[in-house]
Amino acid sequence: MYNPTVARLTYRALLGRRRALILFLLPALLVLIAAAVRAFNGADDQVAADVLGGFALATMVPLIGVIAGTGAIGPEIDDGSIVYLLSKPVKRSSIIFTKLIVAIAVTMVFSAVPTLIAGFVLNGNGQQVAVAYTVAALVASIAYSALFLLLGTVSRHAVVIGLVYALVWETLFGSLISGAKTLSVQQWSLALAEKVTGDSLIDSEVGLTTATVLLVAVTVVATWFAGYKLRTLTLAGEE
């Protein structure tokens, strides 16, 4: 299912100069904020949880997911170069799976790693806060990558729609409105973070079992539908 050639091309596209700059900017900003908070406030477990939850998980992870997920396939569809890839003897499911793996890897590296570093800077991983949010970032990276890869497959405005989802739904509605919280990747990943800390520092509106089922279901369905849309695109190109 994993195609090294497709993976290499996807990595090259994602880590080009402009995208790489944005990918490095957000993690650097998180670490800078963490260092400033630690310098002015000292080590505080609750403050560390607030910073990692409010910026890292609620803002940085979905934004990086947008960049990696949509960028893994969207530009190729927009400029028509996907046709050359589809003309090769490579299964469409293999193309989607490979691009998903690349998007997940990029999202994890640029979100989970800086989250762990920022957590240690903030409070030295007191009460497992840094590890808890790193786990949440890792899990969220998988679901976001699948969702935004699908978005990049079905829409030419994937980046705009993804940004609206990340900034409005996840950051605003997903954090404030109780009904929306149940349908938020952020809240699902927080359920795992809450399990790691085991106390009141982290609170999720969704139970662990429900969150796990929804994370798996969304990832599988989004990946399957992206593959289906790519097969449809192939038929349209042949016609």
# chains A, B, ... in the order shown; residues from 1 in each chain; ligands from 1
>>> residues_around(residues="range 108-120 of chain A", least_positions_apart="3", cutoff="7 Å", atoms="only C-alpha atoms", output="list in words")
Leu23, Pro27, Leu30, Val31, Ala34, Ala48, Leu52, Ala56, Met60, Val61, Ile104, Ala105, Asn123, Gly124, Asn125, Val129, Ala130, Val131, Tyr133, Thr134, Ala137, Leu138 and Ser141 of chain A
>>> residues_around(residues="Tyr11 in chain A", least_positions_apart="5", cutoff="10 Å", atoms="only C-alpha atoms", output="ChimeraX atom specification")
/A:5-6,16,68,71-72,99,102-103,105-106
>>> atom_distance(atom1="CA of Gly227 in chain A", atom2="CA of Ala211 in chain A")
24.3 Å
>>> closest_residue(among="A:Asp79, A:Asn41, A:Gly69, A:Ala222", to="Ala158 in chain A", atoms="only C-alpha atoms")
A:Gly69
>>> residues_around(residues="Val47 in chain A", least_positions_apart="2", cutoff="12 Å", atoms="only C-alpha atoms", output="compact mmCIF listing (two decimals) with N, CA and C atoms, in the first residue's frame")
# COMPACT_ATOMS: atom_id res chain seq x y z
N ILE A 33 6.52 31.26 23.06
CA ILE A 33 5.48 31.60 24.04
C ILE A 33 5.72 30.84 25.35
N ALA A 34 6.05 29.56 25.23
CA ALA A 34 6.30 28.74 26.42
C ALA A 34 7.47 29.30 27.23
N VAL A 37 6.33 32.54 28.97
CA VAL A 37 5.43 32.26 30.10
C VAL A 37 6.23 31.71 31.29
N ARG A 38 7.15 30.82 31.02
CA ARG A 38 7.95 30.24 32.10
C ARG A 38 8.81 31.31 32.77
N PHE A 40 8.24 34.57 33.00
CA PHE A 40 7.47 35.56 33.75
C PHE A 40 6.59 34.96 34.84
N ASN A 41 6.20 33.69 34.64
CA ASN A 41 5.24 33.09 35.56
C ASN A 41 5.80 31.95 36.40
N GLY A 42 6.93 31.43 35.99
CA GLY A 42 7.48 30.27 36.69
C GLY A 42 6.76 28.99 36.27
N ALA A 43 7.13 27.87 36.90
CA ALA A 43 6.51 26.58 36.58
C ALA A 43 5.15 26.47 37.24
N ASP A 44 4.12 26.32 36.45
CA ASP A 44 2.75 26.20 36.96
C ASP A 44 2.02 25.18 36.10
N ASP A 45 1.54 24.12 36.71
CA ASP A 45 0.90 23.03 35.96
C ASP A 45 -0.35 23.50 35.22
N ALA A 49 -0.99 23.65 31.15
CA ALA A 49 -2.13 23.00 30.50
C ALA A 49 -2.92 24.00 29.66
N ASP A 50 -3.07 25.22 30.17
CA ASP A 50 -3.83 26.24 29.44
C ASP A 50 -3.12 26.64 28.15
N VAL A 51 -1.80 26.80 28.23
CA VAL A 51 -1.04 27.20 27.03
C VAL A 51 -1.05 26.08 25.99
N LEU A 52 -0.77 24.86 26.42
CA LEU A 52 -0.73 23.74 25.48
C LEU A 52 -2.11 23.44 24.91
N GLY A 53 -3.14 23.57 25.74
CA GLY A 53 -4.49 23.32 25.24
C GLY A 53 -5.01 24.45 24.38
N GLY A 54 -4.71 25.70 24.78
CA GLY A 54 -5.26 26.85 24.06
C GLY A 54 -4.56 27.17 22.77
N PHE A 55 -3.24 26.97 22.73
CA PHE A 55 -2.51 27.30 21.50
C PHE A 55 -2.07 26.06 20.73
N ALA A 118 7.65 22.31 24.36
CA ALA A 118 7.01 23.43 25.06
C ALA A 118 6.51 23.00 26.43
N GLY A 119 6.00 21.78 26.53
CA GLY A 119 5.52 21.28 27.81
C GLY A 119 6.63 21.17 28.84
N VAL A 121 9.39 22.91 28.76
CA VAL A 121 9.83 24.28 29.07
C VAL A 121 8.89 24.91 30.09
N LEU A 122 7.58 24.67 29.94
CA LEU A 122 6.59 25.31 30.80
C LEU A 122 6.64 24.82 32.24
N ASN A 123 6.67 23.50 32.42
CA ASN A 123 6.65 22.99 33.81
C ASN A 123 7.42 21.69 34.01
N GLY A 126 5.48 18.41 34.67
CA GLY A 126 4.79 18.19 35.94
C GLY A 126 3.40 17.64 35.71
N VAL A 129 1.77 16.69 32.10
CA VAL A 129 1.06 17.60 31.19
C VAL A 129 1.67 17.59 29.79
N ALA A 130 3.00 17.65 29.71
CA ALA A 130 3.67 17.67 28.41
C ALA A 130 3.39 16.37 27.64
N LEU A 201 -6.70 18.77 35.61
CA LEU A 201 -5.99 19.73 34.79
C LEU A 201 -6.53 19.76 33.36
N ILE A 202 -6.89 18.61 32.85
CA ILE A 202 -7.40 18.49 31.48
C ILE A 202 -8.79 17.90 31.53
>>> select_by_dssp(residues="range 80-192 of chain A", states="alpha helix (DSSP H)", output="PyMOL selection string")
chain A and resi 82-86+92-123+129-154+158-164+174-176+178-181+185-192
>>> residues_around(residues="Trp224 in chain A", least_positions_apart="6", cutoff="9 Å", atoms="only C-alpha atoms", output="ChimeraX atom specification")
/A:93,96,150
>>> atom_distance(atom1="CA of Glu205 in chain A", atom2="CA of Thr59 in chain A")
18.1 Å
>>> residues_around(residues="Thr210 in chain A", least_positions_apart="5", cutoff="10 Å", atoms="only C-alpha atoms", output="PDB file with N, CA and C atoms, in the first residue's frame")
ATOM      1  N   THR A 182     -18.804  17.858  21.009  1.00  0.00           N
ATOM      2  CA  THR A 182     -18.896  16.422  20.770  1.00  0.00           C
ATOM      3  C   THR A 182     -18.381  16.061  19.389  1.00  0.00           C
ATOM      4  N   TRP A 188     -11.915  15.082  21.141  1.00  0.00           N
ATOM      5  CA  TRP A 188     -11.640  13.645  21.112  1.00  0.00           C
ATOM      6  C   TRP A 188     -10.217  13.371  21.568  1.00  0.00           C
ATOM      7  N   ALA A 191      -9.649  13.745  25.296  1.00  0.00           N
ATOM      8  CA  ALA A 191     -10.085  12.618  26.110  1.00  0.00           C
ATOM      9  C   ALA A 191      -8.904  11.700  26.430  1.00  0.00           C
ATOM     10  N   LEU A 215     -12.548   8.886  16.550  1.00  0.00           N
ATOM     11  CA  LEU A 215     -11.263   9.146  15.902  1.00  0.00           C
ATOM     12  C   LEU A 215     -10.965   8.095  14.834  1.00  0.00           C
TER      13      LEU A 215
END
>>> atom_distance(atom1="CA of Ile82 in chain A", atom2="CA of Tyr144 in chain A")
22.2 Å
